[in-house]
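Undergrad: Please read through the structure below; I'll follow up with questions.
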Amino acid sequence: MGSLVTSSTKLPVRGAENSVPTLINGFNSVADIPTLLTSKPQLQTYLDTGVLNSQRTKKKSRSETFKARQKTKRHLADLATKIREPELCEKLLRCHSRVGFLTCGRHIHQVIPNYVCEFKLCPDCARRKSRKRLNKYLPIMTAFVRQNRVTPVHLVLTQTHRKEIREQSIKRLKSAFNNLIRREFWKEHFKGGTWSIEFTKDKDNLHHTHLHIIGFRSKFFDVDLLRAEWFSVTGDSFVLRLDPITDLSKGLLEVFKYVSKPLDTDRFTTEDLRDFLKLRNTHLFGSFGEFRAFKSNYVASDDDKVSLPDYSRYGDLVEGSVCPSDNCDRPLFDRRASATGFVKYLKKIENSAPS
Ligand SMILES: [Zn+2]
Ligand SMILES: [Zn+2]
């Protein structure tokens with residue numbers, strides 16, 4: 001996790017002595033918004049409610065996470081039946097119900113599902129999507145950082161809760177963000193990036209919608225100034241979080257992971273699913289600013305070769321290949337199993353030896 005979970009509200013403020021705060025919504029300077037910036041945020045926000053904490057929890061075993069994803073899917077499939085979406089239910093139950101994989105008996109590689117439903121809330125498909133996204137974006141972002149001498153940061157923007165449907169909540173957040181990136185302050189300090197929407201619900205059933213941004217910072221600034229800008233475009237929200245990403249590959253994987261689980265689907269109700277289905281045409285991920293243009297024109301070059309995370313290293317394996325895990329040269333066998341059988345197999349491996 002490293003830098004991503006450490007609070008960095010106190011960033012080094014280089015050059016702050018030169019930065020004269022501009023007039024913000026009638027405030028002469030940030031210091032004139034005393035209750036907002038000097039006191040601890042009083043509003044309950046995503047940042048205070050343990051969503052980030054949930055990302056800190058101990059790493060679960062592969063069998064546990066696979067099983068948990070199956071459970072989430074069954075829950076969603078039940079809900080789909082209840083709201084009379086039989087097709088969705090069928091797709092969800094079929095997705096990853098059987099898998100093919102290569103194994104040496106001690107390690108497992110290249111798990112290939114029988115079917116992928118591609119429903120945005122499906123945890124298996126969301127996971128695949130975030131990995132694909134990482135493989136696509138990592139080389140482009142690496143090149144962008146190198147060519148523009150920018151620092152990648154993970155920025156989370158939140159908004160206050162209101163009684164509104166999810167669609168409205170997302171619209172409100174997106175529109176504030178669009179206003180933010182048009183502002184001089186933003187343009188002066190950032191060269192675009194990617195955004196993605198994540199939403200959860202708290203115990204009181206209020207929607208928490210927030211934006212995860214991978215931004216490319218071109219200049220240091222006092223994060224309080226950014227807070228003031230955010231307050232200015234939202235009218236009532238100033239809670240954000242900014243963490244530099246020191247290792248791009250790790251950082252992106254981490255950020256895309258947040259995004260691969262856009263919702264707390266285990267606690268979903270029929271109402272939530274109905275609400276979500278209304279978002280079918282809403283984009284939940286995109287790129288913006290200079291980075292967006294760069295991405296469209298990007299042609300891969302040898303200079304941008306990056307090492308992709310482990311899971312993507314084994315794309316060329318076939319039955320009979322040598323197991324690529326460290327200190328293992330056993331041959332790989334092709335196996336097929338139902339989801340339950342696969343969990344059992346994973347457990348057997350996990351219990352027999354630490355990999
Ligand atoms: Zn092996
Ligand atoms: Zn799926």
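Identifiers in the structure tokens: chain A, B, ... in order shown; residue index from 1 per chain; ligand index from 1 in order shown.
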What does the list of residues within 9 Å of ligand 2 look like if you count only C-alpha atoms and all ligand atoms, written as a list in words?

TA: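 Taking only C-alpha atoms and all ligand atoms into account, the residues around ligand 2 at most 9 Å away are Lys73, Lys91, Leu92, Leu93, Arg94, Cys95, His96, Tyr115, Val116, Cys117, Glu118, Phe119, Lys120, Leu121, Cys122, Pro123, Asp124, Cys125, Ala126 and Arg128 of chain A.
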
Undergrad: Using only C-alpha atoms and all ligand atoms, determine which residues fall within 8 Å of ligand 1, then list them as a CSV table (one decimal) with C-alpha atoms, in the first residue's frame.

TA:
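part-v2.csv, written as the output of this step:
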```csv
chain,number,residue,atom,x,y,z
A,103,THR,CA,-1.0,-26.0,-12.5
A,104,CYS,CA,2.2,-27.7,-11.5
A,105,GLY,CA,0.5,-29.0,-8.4
A,106,ARG,CA,1.9,-26.3,-6.2
A,107,HIS,CA,1.2,-23.2,-8.2
A,108,ILE,CA,-1.7,-22.0,-10.4
A,322,VAL,CA,7.8,-25.1,-17.1
A,323,CYS,CA,6.1,-23.5,-14.1
A,324,PRO,CA,7.3,-19.8,-14.0
A,325,SER,CA,7.0,-19.5,-10.2
A,326,ASP,CA,10.2,-18.9,-8.3
A,327,ASN,CA,12.2,-22.0,-7.4
A,328,CYS,CA,9.8,-24.2,-9.3
A,329,ASP,CA,10.6,-26.0,-12.5
A,330,ARG,CA,7.8,-28.6,-12.6
A,331,PRO,CA,5.8,-29.0,-15.7
A,332,LEU,CA,2.3,-27.4,-16.0
```

Undergrad: Which value, in Å to one decimal, gives the distance between atom CA of A:Val223 and atom CA of A:Leu211?

TA: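 Going from atom CA of A:Val223 over to atom CA of A:Leu211, I get 16.7 Å.
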
Undergrad: Figure out the distance between atom CA of A:Ser130 and atom CA of A:Val153, please, to one decimal in Å.

TA: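 Between these atoms lies a distance of 18.1 Å.
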
Undergrad: Hey, what's within 12 Å of A:Glu164 if we count only C-alpha atoms and toss same-chain stuff fewer than 2 positions away? As a list in words, please?

TA: Thr160, His161, Arg162, Arg166, Glu167, Gln168, Ser169, Ile170, Lys171, Arg172, Asn205, Leu206, His207, His208, Thr209 and Asp275 of chain A

Undergrad: Restricting the output to C-alpha atoms, write the selected residues as a compact mmCIF listing (two decimals), in the first residue's frame.

TA:
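Contents of result_37.txt, as written:
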```
# COMPACT_ATOMS: atom_id res chain seq x y z
CA THR A 160 -21.36 16.19 0.91
CA HIS A 161 -24.27 13.81 1.15
CA ARG A 162 -27.66 14.78 0.01
CA ARG A 166 -27.30 7.82 -7.32
CA GLU A 167 -27.57 9.26 -10.80
CA GLN A 168 -27.97 12.78 -9.43
CA SER A 169 -25.14 12.27 -7.02
CA ILE A 170 -22.82 11.26 -9.85
CA LYS A 171 -23.95 14.14 -12.04
CA ARG A 172 -23.31 16.61 -9.25
CA ASN A 205 -28.24 4.59 3.49
CA LEU A 206 -26.77 7.80 2.19
CA HIS A 207 -24.83 7.62 -1.05
CA HIS A 208 -21.15 8.39 -0.94
CA THR A 209 -19.94 9.24 -4.37
CA ASP A 275 -30.73 2.31 -9.19
```

Undergrad: When you look at stretch 188-204 of chain A with a cut-off of 9 Å (counting only C-alpha atoms), what residues show up, excluding the ones that are within fewer than 4 positions of it in the same chain? I need them as a PyMOL selection string.

TA: chain A and resi 46+49+51+141+148+150+152+166+170+174+181+183-184+208-221+256+258-265+267+283-292

Undergrad: Restrict the selected residues to C-alpha atoms and save them as a tab-separated table (two decimals), in the first residue's frame.

TA:
```tsv
chain	number	residue	atom	x	y	z
A	46	TYR	CA	-16.16	8.60	2.77
A	49	THR	CA	-16.05	6.09	7.33
A	51	VAL	CA	-13.77	2.81	3.20
A	141	MET	CA	1.44	6.86	-18.13
A	148	ASN	CA	6.47	15.83	-19.15
A	150	VAL	CA	5.26	15.39	-13.84
A	152	PRO	CA	1.64	11.16	-10.56
A	166	ARG	CA	-27.30	7.82	-7.32
A	170	ILE	CA	-22.82	11.26	-9.85
A	174	LYS	CA	-18.88	15.14	-12.33
A	181	ILE	CA	-10.30	21.31	-14.10
A	183	ARG	CA	-9.93	26.66	-13.27
A	184	GLU	CA	-6.62	28.49	-13.51
A	208	HIS	CA	-21.15	8.39	-0.94
A	209	THR	CA	-19.94	9.24	-4.37
A	210	HIS	CA	-16.34	10.15	-4.90
A	211	LEU	CA	-13.83	10.53	-7.66
A	212	HIS	CA	-10.51	8.76	-7.77
A	213	ILE	CA	-8.15	10.72	-9.90
A	214	ILE	CA	-4.74	9.83	-11.09
A	215	GLY	CA	-3.47	13.30	-11.74
A	216	PHE	CA	-0.18	14.45	-13.17
A	217	ARG	CA	1.07	17.25	-10.99
A	218	SER	CA	3.44	19.65	-12.69
A	219	LYS	CA	4.03	21.92	-9.67
A	220	PHE	CA	3.91	21.63	-5.92
A	221	PHE	CA	1.15	23.47	-4.09
A	256	PHE	CA	-7.41	0.70	-10.20
A	258	TYR	CA	-10.35	0.85	-5.69
A	259	VAL	CA	-12.05	1.37	-8.95
A	260	SER	CA	-12.56	-2.28	-9.71
A	261	LYS	CA	-14.88	-2.43	-6.76
A	262	PRO	CA	-17.12	0.54	-7.46
A	263	LEU	CA	-19.60	-0.39	-4.77
A	264	ASP	CA	-20.17	-2.25	-1.62
A	265	THR	CA	-22.19	-4.79	-3.54
A	267	ARG	CA	-24.80	-4.93	1.08
A	283	HIS	CA	-19.35	6.53	-17.90
A	284	LEU	CA	-17.56	5.69	-14.70
A	285	PHE	CA	-14.02	6.05	-16.00
A	286	GLY	CA	-12.28	8.44	-18.33
A	287	SER	CA	-9.22	10.53	-18.99
A	288	PHE	CA	-8.91	14.27	-19.25
A	289	GLY	CA	-6.66	17.19	-20.04
A	290	GLU	CA	-3.29	16.92	-21.72
A	291	PHE	CA	-3.02	13.30	-20.74
A	292	ARG	CA	-6.12	12.48	-22.75
```

Undergrad: Excluding stretch 229-236 of chain A and residues on its chain fewer than 3 positions from it, collect all residues at most 8 Å away from it, counting only C-alpha atoms, and give them as a PyMOL selection string.

TA: chain A and resi 24-25+159-160+176-177+179-180+185+225-226

Undergrad: Keeping only all heavy atoms, write those residues as a short mmCIF file (atom, residue, chain, number, x, y, z; two decimals), in the first residue's frame.

TA:
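again_5.cif was written with the following content:
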```
data_model
loop_
_atom_site.label_atom_id
_atom_site.label_comp_id
_atom_site.auth_asym_id
_atom_site.auth_seq_id
_atom_site.Cartn_x
_atom_site.Cartn_y
_atom_site.Cartn_z
N ILE A 24 -11.57 33.62 -3.65
CA ILE A 24 -12.32 32.38 -3.76
C ILE A 24 -13.72 32.58 -3.19
O ILE A 24 -13.89 32.76 -1.99
CB ILE A 24 -11.61 31.27 -2.99
CG1 ILE A 24 -10.21 31.06 -3.58
CG2 ILE A 24 -12.40 29.98 -3.01
CD1 ILE A 24 -9.22 30.55 -2.58
N ASN A 25 -14.67 32.61 -4.06
CA ASN A 25 -16.07 32.74 -3.61
C ASN A 25 -16.27 33.84 -2.58
O ASN A 25 -16.92 33.64 -1.57
CB ASN A 25 -16.55 31.43 -3.00
CG ASN A 25 -17.19 30.55 -4.06
OD1 ASN A 25 -17.13 30.88 -5.24
ND2 ASN A 25 -17.77 29.46 -3.65
N GLN A 159 -17.83 14.59 -1.95
CA GLN A 159 -18.84 15.64 -1.84
C GLN A 159 -19.76 15.36 -0.65
O GLN A 159 -19.81 14.24 -0.17
CB GLN A 159 -19.63 15.74 -3.14
CG GLN A 159 -20.41 14.48 -3.48
CD GLN A 159 -21.16 14.60 -4.80
OE1 GLN A 159 -21.08 15.61 -5.48
NE2 GLN A 159 -21.91 13.57 -5.15
N THR A 160 -20.45 16.38 -0.23
CA THR A 160 -21.36 16.19 0.91
C THR A 160 -22.54 15.32 0.48
O THR A 160 -22.87 15.24 -0.69
CB THR A 160 -21.90 17.55 1.40
OG1 THR A 160 -22.40 18.25 0.26
CG2 THR A 160 -20.85 18.34 2.10
N ALA A 176 -19.00 19.23 -10.83
CA ALA A 176 -18.05 19.99 -10.01
C ALA A 176 -16.63 19.74 -10.49
O ALA A 176 -15.81 20.66 -10.59
CB ALA A 176 -18.19 19.59 -8.55
N PHE A 177 -16.35 18.50 -10.83
CA PHE A 177 -15.01 18.16 -11.29
C PHE A 177 -14.69 18.87 -12.61
O PHE A 177 -13.59 19.40 -12.80
CB PHE A 177 -14.88 16.63 -11.45
CG PHE A 177 -13.57 16.19 -12.00
CD1 PHE A 177 -12.39 16.44 -11.31
CD2 PHE A 177 -13.49 15.53 -13.22
CE1 PHE A 177 -11.16 16.04 -11.82
CE2 PHE A 177 -12.27 15.12 -13.73
CZ PHE A 177 -11.10 15.38 -13.04
N ASN A 179 -15.82 21.63 -13.58
CA ASN A 179 -15.54 23.03 -13.28
C ASN A 179 -14.15 23.19 -12.66
O ASN A 179 -13.45 24.15 -12.95
CB ASN A 179 -16.59 23.60 -12.33
CG ASN A 179 -17.92 23.79 -13.04
OD1 ASN A 179 -17.94 24.01 -14.26
ND2 ASN A 179 -19.01 23.66 -12.32
N LEU A 180 -13.79 22.25 -11.83
CA LEU A 180 -12.48 22.33 -11.18
C LEU A 180 -11.35 22.33 -12.20
O LEU A 180 -10.43 23.14 -12.12
CB LEU A 180 -12.30 21.14 -10.21
CG LEU A 180 -10.94 21.06 -9.51
CD1 LEU A 180 -10.83 22.13 -8.42
CD2 LEU A 180 -10.71 19.68 -8.90
N PHE A 185 -6.14 27.59 -11.33
CA PHE A 185 -5.31 26.90 -10.34
C PHE A 185 -5.01 25.49 -10.80
O PHE A 185 -3.88 25.02 -10.75
CB PHE A 185 -6.02 26.86 -8.98
CG PHE A 185 -5.22 26.14 -7.93
CD1 PHE A 185 -4.25 26.81 -7.20
CD2 PHE A 185 -5.42 24.78 -7.69
CE1 PHE A 185 -3.49 26.14 -6.24
CE2 PHE A 185 -4.67 24.11 -6.74
CZ PHE A 185 -3.71 24.80 -6.02
N LEU A 225 -4.93 24.93 -0.66
CA LEU A 225 -5.39 25.76 -1.78
C LEU A 225 -6.30 24.95 -2.69
O LEU A 225 -7.29 25.45 -3.22
CB LEU A 225 -4.19 26.30 -2.58
CG LEU A 225 -3.30 27.31 -1.84
CD1 LEU A 225 -2.09 27.65 -2.68
CD2 LEU A 225 -4.09 28.57 -1.52
N LEU A 226 -5.94 23.69 -2.86
CA LEU A 226 -6.79 22.82 -3.68
C LEU A 226 -8.14 22.60 -3.00
O LEU A 226 -9.20 22.59 -3.64
CB LEU A 226 -6.08 21.49 -3.95
CG LEU A 226 -6.80 20.50 -4.86
CD1 LEU A 226 -7.08 21.10 -6.24
CD2 LEU A 226 -6.01 19.21 -5.01
#
```

Undergrad: Run DSSP on the backbone and tell me which residues of stretch 81-268 of chain A come out as strand (DSSP E); list them as a ChimeraX atom specification.

TA: /A:98-103,108-113,151-158,190-201,207-217,240-244

Undergrad: Just checking: using only C-alpha atoms, which residue out of A:Asp224, A:Lys257, A:His75, A:Asp266 ends up closest to A:Lys129?

TA: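 Going through A:Asp224, A:Lys257, A:His75, A:Asp266 one by one, the smallest distance to A:Lys129 is for A:Lys257.
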